[in-house]
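**Student:** Got a structure here, written out as structure tokens. Questions coming.
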Amino acid sequence: MTIVLTVLHVAVAICLILSVLLQAGKAGGMGAAFGGSSDTMFGTRGPVNFLSKVTTGAAVLFMVTSLLLTYIGSHNANQGGSIVPAAPVQTNTQPLTPAAPEKK
């Protein structure tokens, strides 16, 4: 289950990155890069609505998979799956006494 969720999480992250990079910025966006107007490449106002919906959906899925992976990871750690091995605790049983000054 964790492996499938991790693969889904990575795929959603890549989709989120691509959808953010494809959106039009101050320079005109994807349409201006190919020599046309950014308004006519996908139609009028088409890419703004579609890409914003894709970005919102990818962001929601990314947050859900992040929360699920955190929840699963915290429950696996509580069931003895700690990555820190149990080290024996060493106690000092000798009483601390001040050292006697050396005589010359």
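Chains: A, B, ... in order of the structure tokens. Residues: from 1 per chain. Ligands: from 1, in order shown.
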Do a neighbour search on stretch 65-73 of chain A at 9 Å with only C-alpha atoms, toss out local chain neighbours closer than 5 positions, and write the hits as a PyMOL selection string.
**Tutor:** chain A and resi 2+5-6+8-9+12+60+78
**Student:** Take the residues that were just selected and, keeping N, CA, C and O atoms, output them as an mmCIF file, in the first residue's frame.
**Tutor:**
data_model
loop_
_atom_site.group_PDB
_atom_site.id
_atom_site.type_symbol
_atom_site.label_atom_id
_atom_site.label_comp_id
_atom_site.auth_asym_id
_atom_site.auth_seq_id
_atom_site.Cartn_x
_atom_site.Cartn_y
_atom_site.Cartn_z
ATOM 1 N N THR A 2 1.926 1.213 0.782
ATOM 2 C CA THR A 2 2.801 2.384 0.875
ATOM 3 C C THR A 2 3.519 2.640 -0.449
ATOM 4 O O THR A 2 3.675 3.797 -0.847
ATOM 5 N N LEU A 5 1.063 4.165 -2.927
ATOM 6 C CA LEU A 5 0.790 5.550 -2.548
ATOM 7 C C LEU A 5 1.986 6.457 -2.832
ATOM 8 O O LEU A 5 1.815 7.611 -3.258
ATOM 9 N N THR A 6 3.187 5.942 -2.655
ATOM 10 C CA THR A 6 4.381 6.731 -2.953
ATOM 11 C C THR A 6 4.518 6.982 -4.446
ATOM 12 O O THR A 6 4.864 8.093 -4.871
ATOM 13 N N LEU A 8 2.043 7.068 -6.616
ATOM 14 C CA LEU A 8 0.992 8.037 -6.925
ATOM 15 C C LEU A 8 1.401 9.443 -6.497
ATOM 16 O O LEU A 8 1.176 10.419 -7.219
ATOM 17 N N HIS A 9 2.032 9.560 -5.349
ATOM 18 C CA HIS A 9 2.474 10.855 -4.835
ATOM 19 C C HIS A 9 3.506 11.493 -5.776
ATOM 20 O O HIS A 9 3.425 12.693 -6.070
ATOM 21 N N VAL A 12 1.739 12.614 -9.021
ATOM 22 C CA VAL A 12 0.964 13.840 -8.795
ATOM 23 C C VAL A 12 1.904 15.040 -8.661
ATOM 24 O O VAL A 12 1.595 16.133 -9.146
ATOM 25 N N VAL A 60 -4.567 19.441 -4.566
ATOM 26 C CA VAL A 60 -5.401 18.740 -3.585
ATOM 27 C C VAL A 60 -4.947 17.285 -3.450
ATOM 28 O O VAL A 60 -4.789 16.770 -2.340
ATOM 29 N N ASN A 78 5.062 3.312 15.272
ATOM 30 C CA ASN A 78 4.552 2.944 16.593
ATOM 31 C C ASN A 78 4.469 1.440 16.790
ATOM 32 O O ASN A 78 4.324 0.963 17.902
#
**Student:** Compare A:Lys103, A:Thr91, A:Ile17, A:Val7 by their minimum atom-to-atom distance to A:Val54, counting only C-alpha atoms, and give me the closest one.
**Tutor:**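 Under the stated criterion, the closest residue is A:Ile17.
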**Student:** Would you work out the distance separating atom CA of A:Leu22 from atom CA of A:Ala59, expressed in Å to one decimal?
**Tutor:**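 Answer for the atom CA of A:Leu22 to atom CA of A:Ala59 separation: 14.9 Å.
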**Student:** Could you check how far atom CA of A:Met1 sits from atom CA of A:Val64, in Å to one decimal?
**Tutor:**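 Answer for the atom CA of A:Met1 to atom CA of A:Val64 separation: 14.7 Å.
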